[in-house]
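Trainee: Contents of upload-v4.cif (mmCIF, C-alpha atoms):
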```
data_data
#
loop_
_atom_site.label_atom_id
_atom_site.label_comp_id
_atom_site.auth_asym_id
_atom_site.auth_seq_id
_atom_site.Cartn_x
_atom_site.Cartn_y
_atom_site.Cartn_z
CA MET B 241 12.76 12.47 -5.78
CA GLY B 242 11.73 15.67 -4.09
CA CYS B 243 8.50 17.49 -3.54
CA ALA B 244 6.89 20.43 -5.28
CA THR B 245 5.67 23.58 -3.59
CA ALA B 246 2.18 24.84 -4.41
CA ASN B 247 1.93 28.07 -6.33
CA THR B 248 -0.05 31.01 -4.96
CA PRO B 249 -2.22 33.59 -6.71
CA GLU B 250 0.09 36.34 -5.38
CA GLN B 251 3.13 34.91 -7.18
CA PRO B 252 4.51 37.69 -9.40
CA THR B 253 4.56 37.05 -13.11
CA GLN B 254 7.85 37.29 -14.91
CA THR B 255 8.50 39.34 -18.02
CA GLU B 256 10.38 37.95 -21.01
CA TYR B 257 13.13 40.46 -20.29
CA GLU B 258 13.52 39.20 -16.71
CA ARG B 259 13.60 35.64 -17.98
CA ASN B 260 16.34 36.49 -20.47
CA VAL B 261 18.38 38.17 -17.74
CA LEU B 262 18.15 35.02 -15.63
CA ILE B 263 19.32 32.90 -18.54
CA GLU B 264 22.23 35.26 -19.29
CA ASP B 265 23.28 35.15 -15.63
CA PHE B 266 23.10 31.34 -15.70
CA VAL B 267 25.28 31.13 -18.81
CA THR B 268 27.80 33.58 -17.32
CA GLU B 269 28.03 31.52 -14.13
CA MET B 270 28.48 28.23 -16.03
CA VAL B 271 31.24 29.72 -18.18
CA ARG B 272 33.00 31.34 -15.23
CA ASP B 273 32.68 28.52 -12.69
CA HIS B 274 32.62 25.39 -14.83
CA GLY B 275 34.41 26.23 -18.06
CA PHE B 276 31.50 25.90 -20.46
CA THR B 277 31.49 27.51 -23.89
CA PRO B 278 28.82 30.25 -24.05
CA SER B 279 27.71 29.41 -27.58
CA ALA B 280 27.21 25.70 -26.78
CA LEU B 281 25.11 26.48 -23.72
CA LYS B 282 23.04 29.08 -25.54
CA THR B 283 22.38 26.66 -28.40
CA VAL B 284 20.87 24.15 -25.98
CA LEU B 285 18.94 26.75 -23.99
CA ASP B 286 17.57 28.28 -27.18
CA LYS B 287 16.17 24.87 -28.09
CA ALA B 288 14.77 24.28 -24.61
CA GLU B 289 11.02 24.86 -24.52
CA LYS B 290 9.08 26.55 -21.77
CA LYS B 291 6.25 24.14 -20.97
CA GLN B 292 3.07 25.45 -19.41
CA SER B 293 2.07 21.88 -18.55
CA ILE B 294 5.15 21.64 -16.31
CA LEU B 295 4.21 24.85 -14.49
CA ASP B 296 0.65 23.59 -14.14
CA ALA B 297 1.83 20.27 -12.72
CA ILE B 298 4.14 21.75 -10.10
CA SER B 299 1.91 24.66 -9.08
CA ARG B 300 -1.39 22.82 -9.04
CA PRO B 301 -3.17 23.54 -5.76
CA ALA B 302 -2.35 20.69 -3.43
CA GLU B 303 -5.09 18.11 -3.44
CA LYS B 304 -6.25 17.05 -0.02
CA THR B 305 -3.59 14.90 1.54
CA LEU B 306 -4.27 11.24 0.98
CA GLU B 307 -4.72 9.02 3.99
CA TRP B 308 -2.57 5.90 4.18
CA LYS B 309 -5.50 3.65 3.23
CA ASP B 310 -5.92 5.56 -0.04
CA TYR B 311 -2.23 6.01 -0.78
CA ARG B 312 -1.59 2.32 -0.20
CA LYS B 313 -4.15 1.34 -2.84
CA ILE B 314 -2.16 3.15 -5.50
CA PHE B 315 1.03 1.15 -5.00
CA ILE B 316 0.18 -2.13 -3.26
CA THR B 317 -1.67 -3.71 -6.18
CA ASP B 318 -1.61 -7.20 -7.65
CA LYS B 319 -0.18 -5.83 -10.89
CA ARG B 320 2.66 -4.01 -9.16
CA ILE B 321 3.44 -7.02 -7.02
CA THR B 322 3.42 -9.35 -10.04
CA GLY B 323 5.54 -6.85 -11.98
CA GLY B 324 7.99 -6.74 -9.08
CA VAL B 325 8.33 -10.52 -8.98
CA ARG B 326 8.93 -10.54 -12.74
CA PHE B 327 11.55 -7.76 -12.48
CA MET B 328 13.28 -9.44 -9.55
CA ARG B 329 13.47 -12.80 -11.30
CA LYS B 330 14.68 -11.28 -14.56
CA HIS B 331 17.45 -9.33 -12.81
CA ARG B 332 18.09 -11.67 -9.87
CA VAL B 333 21.84 -12.04 -10.45
CA VAL B 334 22.34 -8.26 -10.62
CA LEU B 335 20.07 -7.63 -7.63
CA GLU B 336 21.88 -10.23 -5.55
CA ARG B 337 25.24 -8.70 -6.46
CA ALA B 338 23.93 -5.27 -5.44
CA GLU B 339 22.65 -6.74 -2.19
CA MET B 340 26.03 -8.31 -1.50
CA ILE B 341 28.04 -5.16 -2.30
CA TYR B 342 25.78 -2.48 -0.81
CA GLY B 343 23.84 -4.45 1.80
CA VAL B 344 20.41 -3.39 0.55
CA PRO B 345 17.80 -6.18 0.11
CA LYS B 346 16.90 -6.93 -3.50
CA GLU B 347 13.21 -6.55 -2.74
CA ILE B 348 13.76 -2.99 -1.45
CA ILE B 349 15.67 -2.02 -4.61
CA THR B 350 12.92 -3.61 -6.71
CA ALA B 351 10.14 -1.85 -4.80
CA ILE B 352 11.78 1.56 -5.23
CA ILE B 353 11.93 1.05 -8.99
CA GLY B 354 8.37 -0.29 -8.90
CA VAL B 355 6.97 2.72 -7.06
CA GLU B 356 9.00 5.26 -9.04
CA THR B 357 8.51 4.06 -12.62
CA TYR B 358 6.53 0.80 -12.63
CA TYR B 359 9.80 -1.07 -13.27
CA GLY B 360 11.00 1.33 -15.92
CA ARG B 361 7.80 1.57 -17.93
CA MET B 362 6.82 5.09 -16.78
CA ALA B 363 10.04 7.07 -16.52
CA GLY B 364 8.65 10.37 -17.85
CA ASN B 365 8.00 11.98 -21.22
CA TYR B 366 9.39 15.49 -20.75
CA ARG B 367 12.81 16.45 -22.03
CA VAL B 368 14.85 17.04 -18.88
CA VAL B 369 16.25 20.29 -20.25
CA ASP B 370 12.70 21.57 -20.84
CA ALA B 371 11.61 20.61 -17.33
CA LEU B 372 14.61 22.08 -15.53
CA SER B 373 14.86 25.28 -17.60
CA THR B 374 11.13 25.95 -17.24
CA LEU B 375 11.32 25.57 -13.47
CA ALA B 376 14.64 27.41 -13.16
CA PHE B 377 13.56 30.46 -15.15
CA ASP B 378 9.75 30.53 -14.91
CA TYR B 379 8.85 29.25 -11.44
CA PRO B 380 10.16 31.67 -8.77
CA PRO B 381 9.12 29.65 -5.67
CA ARG B 382 11.62 26.88 -6.50
CA ALA B 383 13.83 28.67 -9.03
CA GLU B 384 16.99 28.44 -6.93
CA PHE B 385 16.65 24.69 -6.45
CA PHE B 386 15.94 23.96 -10.11
CA ARG B 387 18.64 26.35 -11.29
CA GLY B 388 21.02 24.21 -9.24
CA GLN B 389 19.65 21.04 -10.84
CA LEU B 390 19.98 22.55 -14.33
CA LYS B 391 23.61 23.31 -13.55
CA GLU B 392 24.14 19.72 -12.37
CA TYR B 393 22.41 18.44 -15.50
CA PHE B 394 24.72 20.28 -17.88
CA ILE B 395 27.75 19.08 -15.94
CA LEU B 396 26.61 15.44 -15.96
CA ALA B 397 25.81 15.64 -19.68
CA ARG B 398 29.38 16.82 -20.28
CA GLU B 399 30.87 14.22 -17.94
CA GLU B 400 28.93 11.36 -19.52
CA SER B 401 29.15 12.62 -23.13
CA ILE B 402 25.35 12.84 -23.38
CA ASP B 403 23.39 15.18 -25.63
CA PRO B 404 21.49 17.31 -23.07
CA LEU B 405 18.55 17.56 -25.46
CA SER B 406 18.18 13.78 -25.69
CA ILE B 407 17.22 12.76 -22.14
CA LYS B 408 13.63 12.49 -20.97
CA GLY B 409 12.27 12.39 -17.44
CA SER B 410 9.53 13.66 -15.15
CA TYR B 411 8.04 17.16 -15.12
CA ALA B 412 10.48 17.93 -12.27
CA GLY B 413 13.54 16.61 -14.11
CA ALA B 414 13.85 13.22 -12.38
CA MET B 415 15.36 10.58 -14.62
CA GLY B 416 15.60 6.88 -15.32
CA TYR B 417 14.36 3.72 -13.64
CA GLY B 418 14.91 5.16 -10.16
CA GLN B 419 14.00 8.79 -10.95
CA PHE B 420 17.27 10.44 -9.92
CA ILE B 421 17.44 14.21 -10.06
CA PRO B 422 20.71 15.42 -11.64
CA SER B 423 22.53 16.03 -8.33
CA SER B 424 21.61 12.51 -7.17
CA TYR B 425 22.86 11.13 -10.47
CA ARG B 426 26.23 12.84 -10.09
CA ASN B 427 26.59 11.83 -6.45
CA PHE B 428 25.16 8.32 -6.38
CA ALA B 429 24.78 6.77 -9.85
CA VAL B 430 27.22 3.94 -10.54
CA ASP B 431 28.50 2.01 -13.53
CA PHE B 432 27.39 -1.41 -12.32
CA ASP B 433 28.17 -3.42 -15.45
CA GLY B 434 31.66 -2.10 -16.13
CA ASP B 435 30.99 -0.51 -19.54
CA LYS B 436 32.38 2.88 -18.44
CA LYS B 437 28.93 4.49 -18.56
CA ARG B 438 26.40 5.27 -15.82
CA ASP B 439 23.21 4.67 -17.79
CA ILE B 440 20.19 4.79 -15.48
CA TRP B 441 17.81 5.46 -18.39
CA ASN B 442 18.15 2.33 -20.51
CA ASN B 443 20.34 0.01 -18.44
CA PRO B 444 18.55 -1.71 -15.53
CA THR B 445 21.89 -3.04 -14.25
CA ASP B 446 23.25 0.47 -13.66
CA ALA B 447 19.87 1.57 -12.28
CA ILE B 448 19.84 -1.27 -9.74
CA GLY B 449 23.38 -0.55 -8.60
CA SER B 450 22.65 3.16 -8.39
CA VAL B 451 19.56 2.76 -6.20
CA ALA B 452 21.48 0.40 -3.91
CA ASN B 453 24.40 2.83 -3.70
CA TYR B 454 22.02 5.70 -2.87
CA PHE B 455 20.72 3.72 0.10
CA LYS B 456 24.17 2.72 1.26
CA GLU B 457 25.41 6.31 1.09
CA HIS B 458 22.40 7.34 3.19
CA HIS B 459 23.46 4.82 5.85
CA TRP B 460 21.20 1.83 5.26
CA GLN B 461 21.85 -0.68 8.06
CA THR B 462 22.19 -4.16 6.63
CA GLY B 463 19.99 -6.77 8.27
CA GLU B 464 18.22 -4.27 10.51
CA PRO B 465 14.41 -3.91 10.56
CA VAL B 466 12.63 -1.05 8.80
CA VAL B 467 9.30 -0.50 10.52
CA VAL B 468 7.34 -2.43 13.16
CA PRO B 469 3.70 -2.32 14.29
CA ALA B 470 3.16 -0.65 17.64
CA THR B 471 0.58 -0.51 20.41
CA VAL B 472 -0.32 2.57 22.42
CA GLN B 473 -1.33 3.23 26.00
CA GLY B 474 -2.52 6.48 27.52
CA ASP B 475 -2.20 9.68 25.55
CA ALA B 476 1.27 10.96 26.45
CA TYR B 477 2.58 9.56 23.16
CA SER B 478 0.30 11.74 21.03
CA GLU B 479 2.58 14.79 21.04
CA PHE B 480 5.35 12.70 19.44
CA VAL B 481 3.28 11.14 16.64
CA ASN B 482 3.94 12.14 13.00
CA THR B 483 6.15 15.01 14.12
CA SER B 484 9.35 14.29 12.22
CA LEU B 485 10.59 11.83 9.61
CA LYS B 486 13.95 11.80 11.36
CA PRO B 487 14.00 9.53 14.42
CA GLU B 488 14.45 11.84 17.40
CA LEU B 489 13.59 9.58 20.35
CA SER B 490 14.85 6.14 21.25
CA VAL B 491 12.59 3.09 21.19
CA GLN B 492 12.91 3.05 24.98
CA GLU B 493 11.89 6.69 25.34
CA LEU B 494 8.84 6.14 23.15
CA ALA B 495 7.93 3.05 25.18
CA GLU B 496 8.00 5.18 28.32
CA LYS B 497 5.45 7.45 26.62
CA GLY B 498 3.18 4.47 25.91
CA PHE B 499 4.27 3.74 22.31
CA THR B 500 5.71 0.21 22.17
CA PRO B 501 6.43 -2.48 19.54
CA LYS B 502 3.67 -5.10 19.25
CA ASP B 503 6.04 -8.03 19.34
CA ARG B 504 8.29 -8.86 22.23
CA ARG B 505 11.60 -8.57 20.43
CA ARG B 506 13.95 -5.94 21.75
CA TYR B 507 14.44 -3.02 19.39
CA SER B 508 17.13 -0.46 20.08
CA GLY B 509 18.21 2.79 18.56
CA MET B 510 16.22 5.79 17.47
CA ALA B 511 12.69 5.65 16.07
CA THR B 512 9.84 7.81 14.90
CA ALA B 513 6.24 7.26 16.04
CA MET B 514 3.58 7.13 13.34
CA GLU B 515 -0.20 7.07 13.40
CA LEU B 516 -1.79 6.27 10.05
CA GLN B 517 -5.37 5.86 8.88
CA GLY B 518 -5.58 2.30 7.55
CA GLU B 519 -8.43 0.46 5.88
CA LYS B 520 -9.46 -1.07 9.21
CA GLY B 521 -8.89 2.01 11.30
CA VAL B 522 -5.96 3.68 13.00
CA GLU B 523 -2.57 1.97 12.69
CA HIS B 524 0.47 2.70 14.85
CA TRP B 525 4.00 2.07 13.61
CA LEU B 526 7.55 2.55 14.79
CA GLY B 527 9.78 3.76 11.95
CA LEU B 528 13.36 2.71 12.63
CA ARG B 529 16.63 3.97 11.15
CA ASN B 530 16.14 2.16 7.82
CA PHE B 531 12.66 3.65 7.49
CA TYR B 532 14.25 7.08 7.71
CA VAL B 533 16.71 6.07 4.98
CA ILE B 534 13.79 5.29 2.63
CA THR B 535 12.38 8.76 3.33
CA ARG B 536 15.68 10.24 2.12
CA TYR B 537 14.64 9.02 -1.32
CA ASN B 538 11.28 10.76 -1.07
CA HIS B 539 10.43 12.85 1.98
CA SER B 540 7.15 11.15 2.85
CA ARG B 541 6.24 8.58 5.48
CA LEU B 542 3.46 7.28 3.21
CA TYR B 543 5.96 6.79 0.40
CA ALA B 544 8.34 4.90 2.68
CA MET B 545 5.52 2.69 4.00
CA ALA B 546 4.41 1.92 0.44
CA VAL B 547 7.94 0.99 -0.62
CA TYR B 548 8.45 -1.23 2.39
CA GLN B 549 5.10 -3.01 2.19
CA LEU B 550 5.43 -3.50 -1.57
CA SER B 551 8.89 -4.98 -1.02
CA GLN B 552 7.50 -7.48 1.47
CA LYS B 553 4.65 -8.48 -0.86
CA ILE B 554 7.12 -8.98 -3.72
CA LYS B 555 9.43 -11.06 -1.52
CA GLN B 556 6.53 -13.20 -0.30
CA ALA B 557 5.13 -13.76 -3.81
CA ASP B 558 8.59 -14.61 -5.16
CA GLN B 559 9.13 -17.21 -2.45
CA GLN B 560 5.70 -18.74 -2.97
CA GLY B 561 6.07 -18.92 -6.73
#
```
Can you turn what I pasted into C-alpha cells?

Mentor:
Amino acid sequence: MGCATANTPEQPTQTEYERNVLIEDFVTEMVRDHGFTPSALKTVLDKAEKKQSILDAISRPAEKTLEWKDYRKIFITDKRITGGVRFMRKHRVVLERAEMIYGVPKEIITAIIGVETYYGRMAGNYRVVDALSTLAFDYPPRAEFFRGQLKEYFILAREESIDPLSIKGSYAGAMGYGQFIPSSYRNFAVDFDGDKKRDIWNNPTDAIGSVANYFKEHHWQTGEPVVVPATVQGDAYSEFVNTSLKPELSVQELAEKGFTPKDRRRYSGMATAMELQGEKGVEHWLGLRNFYVITRYNHSRLYAMAVYQLSQKIKQADQQG
C-alpha cells in the first residue's frame, strides 16, 4: 500500500559515515521517545542488510503508465477469479462475519487480498527490517516516510511480541495477506479470531477482519454503489476528467457538465469523473464515495477499478457455481 517515487541521476550518494549517523539518530530517537533499549535496537539493525535489489526496485525509472486495458489483463484473469471463488468459499463464515460487523462486502475483501497477494501466495520474500532500513537510510527521496515506517515496525514488533528479524514482506515493507505497511498494521489490524494476536501473515481470519476494518475506518458506505458507467455529451466535462481521486463534484454537477450515469437510477453525493482506455475504446465511469475508499488502500484509479471488477467477477462465479 503506497507508491514509490522514481530515483533521479542527480540523487546524491550517501557515504557510510552519513548512513551511520542516520542510524545513530534513529536509535537515539527510539530510546528517547519510545523507551527502547539501545543495545537491543542496535543488535537488530546490525543484522539488517542493505539490499541493492530493494533500491533498484523502488528507484527503477517508471515504465510507461499502463492503460486500463493492459492493467486489467493483469488482475482480471480466470485464475484469479477461480482463486477468489476458492478463497471465498473456504473462508465464507469469516468473510460473512466481517461483512456483518464492518459492512464491507465479502467479495471486496476477497478481491483486495487477491490483487495484493494472490490470496496469500505472494506476500513478499524480503525481511521487513531489511526493506525498511534500506529505504530509511539509503534512499533519500523517501527516507522520511520509511524512517517513520521503520519506527512503527519496531513498535508493533514490541507490542505483538514478534522477532523483528522474522517477518517477511514486499520490497517496500508491506506485510501479510493484505500487504499492510507497519502504520496501517498498528492502526487497522484486528484480532478477528480472539486469540489475543493480530496475525496478518499466517492467519487469514485476522487478515480478513483487518482489511474489512481498514475499509470501515476509511468510511466505506454499506450498501452503496462503487462505480457506474457514464455517458458524455459535449466537451465541457473534459476539464474534470481524471483530475482527482477524491470526489470533488456532485453527481448533479457532473451531469450539468455532460457527464451522466448510463442507467436511469438516481445517484447522489460526490463523484469523480474518469476516462479510461478500455479494450474496445474509451470508457467513461463515475467513481462514487466507495470507489474513493478503495483508492485509500492504493492511490490509483486503475487499482480501484481492478479490485472492484475482480470482486464482481468473483461474486458472479460464486453464485453460478

Trainee: What gap, in Å, lies between CA of Lys486 (chain B) and CA of Tyr532 (chain B)?

Mentor: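 Atom-to-atom, CA of Lys486 (chain B) to CA of Tyr532 (chain B), that is 6.0 Å.
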
Trainee: Which value, in Å to one decimal, gives the distance between CA of Val533 (chain B) and CA of Leu485 (chain B)?

Mentor: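 Separation of CA of Val533 (chain B) and CA of Leu485 (chain B): 9.6 Å.
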
Trainee: Assuming the chain letters and numbering stay as they are in my file, what does the PyMOL selection byres ((chain B and resi 497-508) around 9) actually select? List them as JSON, numbers by chain.

Mentor: {"B": [465, 468, 469, 470, 471, 472, 473, 474, 475, 476, 477, 478, 480, 490, 491, 492, 493, 494, 495, 496, 509, 510, 511, 513, 524, 525, 526, 528]}

Trainee: Using only C-alpha atoms, what table do you get, as a Markdown table, when you list each residue of region 382-481 of chain B with an atom no more than 10 Å from region 271-274 of chain B, its nearest pair of atoms, and their distance in Å rounded to one decimal, rows by chain then rising number?

Mentor:
```
| residue | atom | partner | partner_atom | distance |
| --- | --- | --- | --- | --- |
| B:Lys391 | CA | B:His274 | CA | 9.3 |
| B:Phe394 | CA | B:His274 | CA | 9.9 |
| B:Ile395 | CA | B:His274 | CA | 8.0 |
```

Trainee: The PyMOL selection byres ((chain B and resi 389) around 8) - which residues does that actually catch in the file I just gave you? List them as a VMD selection string.

Mentor: chain B and resid 372 385 to 388 390 to 393 421 to 423

Trainee: If the PyMOL selection byres ((chain B and resi 431) around 9) is run on the structure shown, which residues does it catch, given as a list in words?

Mentor: Ala429, Val430, Phe432, Asp433, Gly434, Asp435, Lys436, Lys437, Arg438, Asp439, Ile440, Thr445, Asp446, Ala447, Gly449 and Ser450 of chain B
